[in-house]
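**Q** File follows, structure_4.cif with mmCIF, C-alpha atoms (C1' of nucleotides):
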data_protein
loop_
_atom_site.label_atom_id
_atom_site.label_comp_id
_atom_site.auth_asym_id
_atom_site.auth_seq_id
_atom_site.Cartn_x
_atom_site.Cartn_y
_atom_site.Cartn_z
CA MET O 1 0.00 0.00 0.00
CA HIS O 2 2.00 2.98 -1.21
CA LYS O 3 1.25 6.61 -0.54
CA THR O 4 -0.85 8.56 -3.01
CA HIS O 5 0.91 11.33 -4.83
CA ASN O 6 -1.98 13.72 -5.04
CA ASN O 7 -1.04 14.39 -8.57
CA SER O 8 -4.30 14.92 -10.38
CA LYS O 9 -5.73 18.42 -10.61
CA GLN O 10 -9.15 17.03 -9.68
CA ARG O 11 -7.83 15.54 -6.46
CA LYS O 12 -6.00 18.75 -5.58
CA ALA O 13 -9.16 20.74 -6.22
CA VAL O 14 -11.23 18.47 -3.98
CA LEU O 15 -8.75 18.75 -1.12
CA GLU O 16 -8.48 22.52 -1.61
CA ALA O 17 -12.25 22.88 -1.51
CA ILE O 18 -12.48 20.93 1.73
CA ARG O 19 -9.65 22.95 3.25
CA SER O 20 -11.12 26.24 2.05
CA THR O 21 -13.96 26.22 4.56
CA ASP O 22 -14.71 25.47 8.19
CA THR O 23 -18.30 24.45 7.45
CA HIS O 24 -17.54 20.73 7.23
CA PRO O 25 -18.93 20.44 3.73
CA SER O 26 -20.99 17.70 2.13
CA VAL O 27 -20.16 15.99 -1.14
CA ARG O 28 -22.79 18.11 -2.84
CA TRP O 29 -21.17 21.34 -1.58
CA ILE O 30 -17.68 20.16 -2.53
CA HIS O 31 -18.91 19.28 -6.01
CA GLU O 32 -20.49 22.73 -6.49
CA GLN O 33 -17.31 24.39 -5.24
CA VAL O 34 -14.91 22.39 -7.40
CA LYS O 35 -17.13 22.86 -10.46
CA THR O 36 -16.39 26.59 -10.38
CA LYS O 37 -12.77 25.68 -11.14
CA LEU O 38 -13.22 22.46 -13.09
CA PRO O 39 -16.66 22.75 -14.66
CA GLY O 40 -16.61 19.26 -16.15
CA ILE O 41 -15.83 17.38 -12.97
CA SER O 42 -18.22 14.56 -12.19
CA LEU O 43 -19.79 13.63 -8.87
CA GLY O 44 -18.17 10.20 -9.00
CA THR O 45 -14.75 11.85 -9.15
CA ILE O 46 -15.59 13.84 -6.01
CA TYR O 47 -16.60 10.68 -4.18
CA ARG O 48 -13.55 8.75 -5.32
CA ASN O 49 -11.12 11.47 -4.40
CA ILE O 50 -12.67 12.05 -0.98
CA LYS O 51 -12.21 8.35 -0.41
CA VAL O 52 -8.56 8.53 -1.46
CA CYS O 53 -8.01 11.55 0.77
CA ARG O 54 -9.57 9.74 3.72
CA GLU O 55 -7.39 6.72 3.09
CA GLU O 56 -4.25 8.81 3.02
CA GLY O 57 -5.41 10.70 6.13
CA SER O 58 -5.81 14.20 4.73
CA VAL O 59 -9.57 14.23 5.23
CA VAL O 60 -11.84 12.85 7.93
CA SER O 61 -15.56 12.34 8.17
CA VAL O 62 -17.36 14.20 10.92
CA GLY O 63 -20.50 12.11 10.57
CA VAL O 64 -23.81 12.08 8.80
CA VAL O 65 -26.15 15.04 9.26
CA ASN O 66 -29.53 15.01 7.54
CA ASN O 67 -28.51 12.04 5.49
CA GLU O 68 -25.39 13.66 4.07
CA GLU O 69 -21.88 12.74 5.12
CA ARG O 70 -19.82 15.74 6.17
CA PHE O 71 -16.05 16.16 5.95
CA ASP O 72 -13.23 18.03 7.59
CA GLY O 73 -9.77 18.93 6.34
CA ILE O 74 -8.63 19.42 9.93
CA VAL O 75 -7.83 15.88 10.86
CA GLU O 76 -6.78 16.42 14.46
CA PRO O 77 -9.62 15.16 16.68
CA HIS O 78 -11.78 17.94 18.11
CA PRO O 79 -15.39 18.14 19.24
CA HIS O 80 -18.15 19.48 17.03
CA ALA O 81 -21.52 21.08 17.62
CA VAL O 82 -24.33 20.11 15.26
CA CYS O 83 -27.31 22.43 14.87
CA THR O 84 -30.38 20.21 14.65
CA LYS O 85 -32.30 23.04 13.01
CA CYS O 86 -30.10 23.91 10.03
CA GLY O 87 -27.48 21.16 9.96
CA ARG O 88 -24.58 23.52 10.58
CA ILE O 89 -21.51 21.89 12.11
CA ILE O 90 -19.32 24.09 14.28
CA ASP O 91 -15.83 23.43 15.61
CA ILE O 92 -15.44 23.45 19.37
CA ASP O 93 -11.82 24.28 19.54
CA ASP O 94 -10.43 23.35 22.90
CA LEU O 95 -11.35 22.17 26.31
CA PRO O 96 -13.10 23.09 28.48
CA GLU O 97 -15.68 22.24 25.87
CA ALA O 98 -18.80 23.30 27.70
CA GLU O 99 -17.32 26.72 28.42
CA ASN O 100 -16.24 27.22 24.86
CA ILE O 101 -19.49 26.16 23.33
CA HIS O 102 -21.38 28.49 25.60
CA LEU O 103 -19.23 31.41 24.49
CA SER O 104 -20.03 30.63 20.88
CA GLY O 105 -23.73 31.21 21.48
CA PHE O 106 -24.70 27.66 20.66
CA THR O 107 -27.55 26.34 22.80
CA VAL O 108 -26.69 22.79 23.76
CA ASP O 109 -29.56 20.35 23.85
CA LYS O 110 -27.58 17.18 24.33
CA ARG O 111 -24.03 15.93 24.26
CA ARG O 112 -23.10 12.54 22.90
CA THR O 113 -19.89 10.60 23.12
CA VAL O 114 -19.03 7.73 20.82
CA PHE O 115 -16.01 5.47 20.97
CA TYR O 116 -14.85 3.94 17.70
CA GLY O 117 -12.69 0.87 17.61
CA THR O 118 -12.77 -2.91 17.48
CA CYS O 119 -15.08 -5.13 19.54
CA VAL O 120 -13.97 -8.29 21.33
CA GLN O 121 -15.41 -10.58 18.67
CA CYS O 122 -13.65 -8.80 15.83
CA CYS O 123 -10.38 -8.58 17.75
CA ARG O 124 -10.50 -12.37 18.11
CA ALA O 125 -11.57 -12.98 14.55
CA GLY O 126 -8.91 -10.62 13.23
CA LYS O 127 -11.32 -9.09 10.83
CA ASN O 128 -8.79 -6.46 9.86
CA LEU O 129 -9.53 -6.82 6.21
CA LEU O 130 -12.93 -5.20 6.15
CA ALA O 131 -13.33 -1.82 4.54
CA GLN O 132 -13.24 1.14 6.87
CA PHE O 133 -14.25 3.61 4.21
CA GLY O 134 -17.36 3.51 2.11
CA ARG O 135 -20.26 1.18 2.67
CA LEU O 136 -20.05 -2.34 3.82
CA ARG O 137 -20.84 -4.92 1.16
CA LYS O 138 -24.39 -6.03 0.56
CA GLY O 139 -25.71 -8.69 2.88
CA PHE O 140 -23.36 -7.75 5.69
CA SER O 141 -25.29 -7.32 8.90
CA HIS O 142 -24.58 -6.10 12.38
CA ASN O 143 -25.30 -8.39 15.34
CA MET R 144 -49.68 18.28 19.76
CA HIS R 145 -51.31 15.53 21.75
CA LYS R 146 -49.68 12.40 23.04
CA THR R 147 -49.85 9.23 20.98
CA HIS R 148 -51.80 6.38 22.52
CA ASN R 149 -49.64 3.57 21.24
CA ASN R 150 -52.78 1.71 20.40
CA SER R 151 -51.97 -0.17 17.22
CA LYS R 152 -50.57 -3.67 17.46
CA GLN R 153 -48.01 -2.77 14.81
CA ARG R 154 -46.70 0.12 16.86
CA LYS R 155 -46.53 -2.00 20.00
CA ALA R 156 -44.66 -4.70 18.11
CA VAL R 157 -42.12 -2.19 16.77
CA LEU R 158 -41.46 -0.79 20.24
CA GLU R 159 -41.26 -4.29 21.74
CA ALA R 160 -38.76 -5.36 19.09
CA ILE R 161 -36.55 -2.35 19.81
CA ARG R 162 -36.79 -2.99 23.55
CA SER R 163 -36.11 -6.69 23.16
CA THR R 164 -32.45 -6.24 22.33
CA ASP R 165 -29.40 -4.25 23.35
CA THR R 166 -27.89 -4.38 19.87
CA HIS R 167 -29.29 -0.97 18.81
CA PRO R 168 -31.08 -2.43 15.81
CA SER R 169 -31.53 -1.05 12.32
CA VAL R 170 -34.86 -0.65 10.54
CA ARG R 171 -34.08 -3.78 8.55
CA TRP R 172 -33.52 -5.82 11.73
CA ILE R 173 -36.64 -4.43 13.37
CA HIS R 174 -38.65 -5.31 10.28
CA GLU R 175 -37.37 -8.89 10.27
CA GLN R 176 -38.09 -9.23 13.96
CA VAL R 177 -41.61 -7.81 13.82
CA LYS R 178 -42.43 -9.93 10.76
CA THR R 179 -42.13 -13.07 12.89
CA LYS R 180 -45.16 -11.83 14.84
CA LEU R 181 -46.96 -9.81 12.18
CA PRO R 182 -45.94 -11.42 8.89
CA GLY R 183 -47.77 -8.90 6.73
CA ILE R 184 -46.22 -5.74 8.20
CA SER R 185 -44.65 -3.43 5.67
CA LEU R 186 -41.37 -1.60 5.81
CA GLY R 187 -43.17 1.74 5.59
CA THR R 188 -45.08 0.92 8.74
CA ILE R 189 -41.82 0.24 10.57
CA TYR R 190 -40.41 3.59 9.47
CA ARG R 191 -43.57 5.46 10.38
CA ASN R 192 -43.87 3.91 13.82
CA ILE R 193 -40.22 4.44 14.66
CA LYS R 194 -40.79 8.09 13.79
CA VAL R 195 -43.84 8.25 16.05
CA CYS R 196 -41.92 6.57 18.87
CA ARG R 197 -39.06 9.04 18.48
CA GLU R 198 -41.49 11.94 18.57
CA GLU R 199 -43.12 10.70 21.76
CA GLY R 200 -39.69 10.00 23.25
CA SER R 201 -39.80 6.23 23.65
CA VAL R 202 -37.05 5.63 21.10
CA VAL R 203 -33.87 7.50 20.25
CA SER R 204 -31.45 7.29 17.36
CA VAL R 205 -27.89 6.37 18.20
CA GLY R 206 -26.59 7.45 14.83
CA VAL R 207 -25.85 6.09 11.39
CA VAL R 208 -23.46 3.17 11.07
CA ASN R 209 -22.61 1.82 7.64
CA ASN R 210 -25.40 3.82 6.10
CA GLU R 211 -28.13 2.44 8.38
CA GLU R 212 -29.70 4.42 11.20
CA ARG R 213 -29.61 2.58 14.52
CA PHE R 214 -32.07 2.90 17.38
CA ASP R 215 -32.24 2.44 21.13
CA GLY R 216 -35.18 1.83 23.45
CA ILE R 217 -33.10 3.07 26.37
CA VAL R 218 -33.60 6.78 26.03
CA GLU R 219 -31.45 7.95 28.91
CA PRO R 220 -28.23 9.38 27.44
CA HIS R 221 -25.26 7.04 27.68
CA PRO R 222 -22.11 6.61 25.64
CA HIS R 223 -21.75 3.97 22.94
CA ALA R 224 -18.88 2.10 21.36
CA VAL R 225 -19.08 1.44 17.63
CA CYS R 226 -17.04 -1.38 16.14
CA THR R 227 -15.72 -0.12 12.81
CA LYS R 228 -15.18 -3.70 11.65
CA CYS R 229 -18.63 -5.23 12.10
CA GLY R 230 -20.88 -2.29 12.94
CA ARG R 231 -21.76 -3.56 16.40
CA ILE R 232 -22.87 -0.86 18.84
CA ILE R 233 -22.18 -1.51 22.50
CA ASP R 234 -23.51 0.33 25.55
CA ILE R 235 -20.91 1.91 27.80
CA ASP R 236 -22.89 1.96 30.97
CA ASP R 237 -21.38 4.40 33.40
CA LEU R 238 -18.48 6.63 33.98
CA PRO R 239 -15.56 6.34 34.15
CA GLU R 240 -16.07 5.58 30.50
CA ALA R 241 -12.53 4.75 29.54
CA GLU R 242 -12.20 2.27 32.37
CA ASN R 243 -15.48 0.60 31.58
CA ILE R 244 -14.83 0.29 27.91
CA HIS R 245 -11.48 -1.26 28.58
CA LEU R 246 -13.05 -3.87 30.83
CA SER R 247 -15.46 -4.81 28.06
CA GLY R 248 -12.58 -5.85 25.82
CA PHE R 249 -13.30 -3.18 23.22
CA THR R 250 -10.15 -1.72 21.66
CA VAL R 251 -10.66 2.01 21.37
CA ASP R 252 -9.30 3.64 18.27
CA LYS R 253 -10.79 7.08 18.71
CA ARG R 254 -13.32 8.89 20.83
CA ARG R 255 -15.63 11.55 19.46
CA THR R 256 -17.86 14.02 21.22
CA VAL R 257 -20.70 15.81 19.50
CA PHE R 258 -22.93 18.49 20.93
CA TYR R 259 -26.44 18.75 19.51
CA GLY R 260 -28.49 21.89 19.82
CA THR R 261 -29.30 25.18 18.18
CA CYS R 262 -26.76 27.53 16.61
CA VAL R 263 -26.74 31.30 17.10
CA GLN R 264 -28.28 31.96 13.71
CA CYS R 265 -31.17 29.58 14.27
CA CYS R 266 -31.75 30.83 17.82
CA ARG R 267 -32.16 34.32 16.38
CA ALA R 268 -34.28 33.22 13.46
CA GLY R 269 -36.46 31.07 15.72
CA LYS R 270 -36.43 28.30 13.20
CA ASN R 271 -38.21 26.04 15.64
CA LEU R 272 -40.51 24.75 12.96
CA LEU R 273 -38.07 22.63 11.08
CA ALA R 274 -38.31 18.88 11.30
CA GLN R 275 -36.10 17.24 13.86
CA PHE R 276 -36.90 13.73 12.72
CA GLY R 277 -36.50 12.29 9.28
CA ARG R 278 -34.79 13.97 6.40
CA LEU R 279 -34.78 17.61 5.69
CA ARG R 280 -36.78 18.66 2.67
CA LYS R 281 -35.18 18.69 -0.74
CA GLY R 282 -33.18 21.76 -1.61
CA PHE R 283 -32.41 22.57 1.99
CA SER R 284 -28.72 23.14 2.43
CA HIS R 285 -26.32 23.66 5.27
CA ASN R 286 -24.12 26.75 5.34
"C1'" DC B 287 9.15 10.69 -30.62
"C1'" DT B 288 5.96 6.45 -30.65
"C1'" DT B 289 3.94 2.94 -28.35
"C1'" DA B 290 2.36 0.25 -24.55
"C1'" DA B 291 0.91 0.04 -19.87
"C1'" DT B 292 -1.29 2.13 -16.30
"C1'" DA B 293 -3.99 5.50 -13.65
"C1'" DA B 294 -7.68 8.80 -13.47
"C1'" DT B 295 -11.69 10.50 -15.31
"C1'" DA B 296 -16.77 11.45 -17.04
"C1'" DA B 297 -21.02 9.70 -17.63
"C1'" DG B 298 -24.51 7.43 -16.29
"C1'" DA B 299 -26.62 3.05 -14.58
"C1'" DA B 300 -27.39 0.43 -10.34
"C1'" DT B 301 -28.05 0.06 -5.43
"C1'" DG B 302 -30.27 0.63 -1.26
"C1'" DA B 303 -32.08 3.26 2.63
"C1'" DT B 304 -35.70 6.27 3.33
"C1'" DT B 305 -39.84 8.91 2.18
"C1'" DC B 306 -44.10 9.64 -0.19
"C1'" DT B 307 -48.59 8.42 -2.34
"C1'" DT B 308 -52.70 6.12 -2.52
"C1'" DA B 309 -56.17 2.87 -1.94
"C1'" DT B 310 -57.82 0.04 1.75
"C1'" DT B 311 -58.93 -1.33 6.39
"C1'" DA B 312 -59.61 -0.46 11.35
"C1'" DT B 313 -61.22 2.51 14.92
"C1'" DT B 314 -63.87 6.04 17.03
"C1'" DA B 315 -67.70 9.38 17.53
"C1'" DA B 316 -72.23 10.70 16.66
"C1'" DT T 317 -75.45 2.47 10.91
"C1'" DT T 318 -73.03 5.89 9.24
"C1'" DA T 319 -69.59 9.36 8.93
"C1'" DA T 320 -65.14 10.89 10.17
"C1'" DT T 321 -60.68 9.87 11.27
"C1'" DA T 322 -56.43 7.21 11.98
"C1'" DA T 323 -53.43 3.47 10.67
"C1'" DT T 324 -52.06 0.34 7.42
"C1'" DA T 325 -49.97 -2.32 3.10
"C1'" DA T 326 -48.06 -1.89 -1.12
"C1'" DG T 327 -45.29 -0.09 -3.98
"C1'" DA T 328 -43.53 4.03 -6.49
"C1'" DA T 329 -40.38 7.93 -5.97
"C1'" DT T 330 -36.34 10.15 -4.10
"C1'" DC T 331 -31.74 10.78 -3.39
"C1'" DA T 332 -27.09 9.84 -1.51
"C1'" DT T 333 -23.76 6.73 -2.68
"C1'" DT T 334 -21.45 3.08 -5.31
"C1'" DC T 335 -20.37 0.61 -9.44
"C1'" DT T 336 -19.40 -0.07 -14.46
"C1'" DT T 337 -17.48 1.12 -18.60
"C1'" DA T 338 -15.62 3.61 -22.25
"C1'" DT T 339 -12.48 7.39 -22.75
"C1'" DT T 340 -8.63 10.35 -21.75
"C1'" DA T 341 -4.33 11.58 -19.37
"C1'" DT T 342 0.06 10.17 -17.61
"C1'" DT T 343 4.16 7.54 -17.25
"C1'" DA T 344 7.80 4.23 -18.70
"C1'" DA T 345 10.34 1.83 -22.24
"C1'" DG T 346 12.25 1.33 -26.40
#
Before anything else, please render the file you have as structure tokens.
**A**
Amino acid sequence: MHKTHNNSKQRKAVLEAIRSTDTHPSVRWIHEQVKTKLPGISLGTIYRNIKVCREEGSVVSVGVVNNEERFDGIVEPHPHAVCTKCGRIIDIDDLPEAENIHLSGFTVDKRRTVFYGTCVQCCRAGKNLLAQFGRLRKGFSHN
Amino acid sequence: MHKTHNNSKQRKAVLEAIRSTDTHPSVRWIHEQVKTKLPGISLGTIYRNIKVCREEGSVVSVGVVNNEERFDGIVEPHPHAVCTKCGRIIDIDDLPEAENIHLSGFTVDKRRTVFYGTCVQCCRAGKNLLAQFGRLRKGFSHN
DNA sequence: CTTAATAATAAGAATGATTCTTATTATTAA
DNA sequence: TTAATAATAAGAATCATTCTTATTATTAAG
């Protein structure tokens, strides 16, 4: 598995678009943005290059809001605030989180913590081959 | 907005199915489960009744894993651990979280915190009318 | 400079979760 | 009993995402 060279203008444009904003854009937004520079770029190319960027670690997902996956070019872990009214995603820069978020004027309804990792069963089974990006294959089901 | 009476057998079956497991089931799983008791029940009915249950507060979403929304009949906030290999979602019962999760044999890769609420702009605009359940209408876009 | 091999792309079809529509059936109120 | 209302089943529609394929760009070798 060798490193990507980031050598296509499309890939550069996708990464630039993601890095150009702090709004944690969706694929749709990224496509619109990149199209202003590369009018012919296709949606599939956006998806593929986001995937490549995630695999090489230059982009992370910040989750699904209103059925659209949202991305961040700042890959260092930091908390986010999601507005359940408009779908906006806001960076909460540093701890103490609660203090910070209050200063920003965001009214917190609830706070949720999720741990991501590998469960006992998968650790045993050594299922390290499964995709971590994109959907799981058809027919695959959680337990 | 009056309270639902939970009076259809389909709705009861959906809620029972969700409460019958701690696996944080998907719509697909709930449908399969309920079909063993009500063979003719349709997928649309599952979706509609989950929505009703969420609105009345008897069910909460624990997020989207591998493109499927997952639900919980335990509505009191508590952290979860998501296995990125198999999609399993595990309850982390009490604090101290890190300690607990370690005991459970789950290997933590990363921990993410998300605040949900209302942003400054929406507080001002009083956009309290927008749907909080289900998708946002077409054409609606984040900023 | 060609040519061959390979990688990336554009276009659009396919997939699949979710939502919507509509005709039908069950429930409630009068 | 009838009328009004609520819930349902069935399946079509929507839409984000993935997959397929033919084409174009890039690189390596002679």
**Q** So which residues get picked by the PyMOL selection byres ((chain B) within 9 of (chain O)) here, written as a list in words?
**A**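 Listing what the PyMOL selection byres ((chain B) within 9 of (chain O)) selects in the shown file: DA294, DT295, DA296 and DA297 of chain B.
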**Q** Using all atoms listed in the file, which chain O residues lie at most 6 Å away from chain R, written as a ChimeraX atom specification?
**A** /O:66,79-84,87-88,105-120,135,142
**Q** Identify all residues satisfying the PyMOL selection byres ((chain T) within 9 of (chain O)) in the given file; provide them as a PyMOL selection string.
**A** chain T and resi 332-334
**Q** Counting all atoms listed in the file, what is within 10 Å of Cys196 (chain R), bar same-chain residues fewer than 3 positions away, as a list in words?
**A**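 Counting all atoms listed in the file, the residues come to Thr147, Asn149, Arg154, Lys155, Val157, Leu158, Tyr190, Arg191, Asn192, Ile193, Glu199, Gly200, Ser201, Val202, Val203 and Gly216 of chain R.
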**Q** On this file, the PyMOL selection byres ((chain B and resi 304-310) around 8) gives some set of residues; write that set as number ranges by chain.
**A** B: 303, 311; T: 328-330
**Q** Compile the contact shell of DA344 (chain T) as a list in words: residues with an atom at most 12 Å away, counting all atoms listed in the file, same-chain residues fewer than 2 positions apart removed.
**A**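 Those residues are DT289, DA290, DA291 and DT292 of chain B; DT342 and DG346 of chain T.
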**Q** Output the selection as a PDB file, keeping the file's coordinate frame - C-alpha atoms (C1' of nucleotides) for each residue.
**A**
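Okay, this is what ended up in result_5.pdb:
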ATOM      1  C1'  DT B 289       3.940   2.940 -28.350  1.00  0.00           C
ATOM      2  C1'  DA B 290       2.360   0.250 -24.550  1.00  0.00           C
ATOM      3  C1'  DA B 291       0.910   0.040 -19.870  1.00  0.00           C
ATOM      4  C1'  DT B 292      -1.290   2.130 -16.300  1.00  0.00           C
TER       5       DT B 292
ATOM      6  C1'  DT T 342       0.060  10.170 -17.610  1.00  0.00           C
ATOM      7  C1'  DG T 346      12.250   1.330 -26.400  1.00  0.00           C
TER       8       DG T 346
END
**Q** Closest to DA338 (chain T) among B:DG298, B:DT288, B:DA293, B:DA312, using only C-alpha atoms (C1' of nucleotides)?
**A**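 Selected residue with least distance to DA338 (chain T): B:DG298.
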**Q** Return as AutoDock Vina command-line options the box centre and box size in Å, one decimal, for an axis-aligned box around all listed atoms of region 249-262 of chain R padded by 4 Å per side.
**A**
--center_x -19.3 --center_y 12.2 --center_z 19.9 --size_x 28.0 --size_y 38.7 --size_z 14.6
**Q** What is the CA of Glu16 (chain O)-CA of Val75 (chain O) distance in Å, reported with one decimal?
**A**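 Answer for the CA of Glu16 (chain O) to CA of Val75 (chain O) separation: 14.1 Å.
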**Q** Measure the distance from CA of Phe214 (chain R) to CA of Ala125 (chain O) in Å and round it to one decimal.
**A** 26.1 Å
**Q** By how many Å are CA of Gln176 (chain R) and CA of Ala160 (chain R) apart?
**A**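 Computing it gives 6.5 Å between the two atoms.
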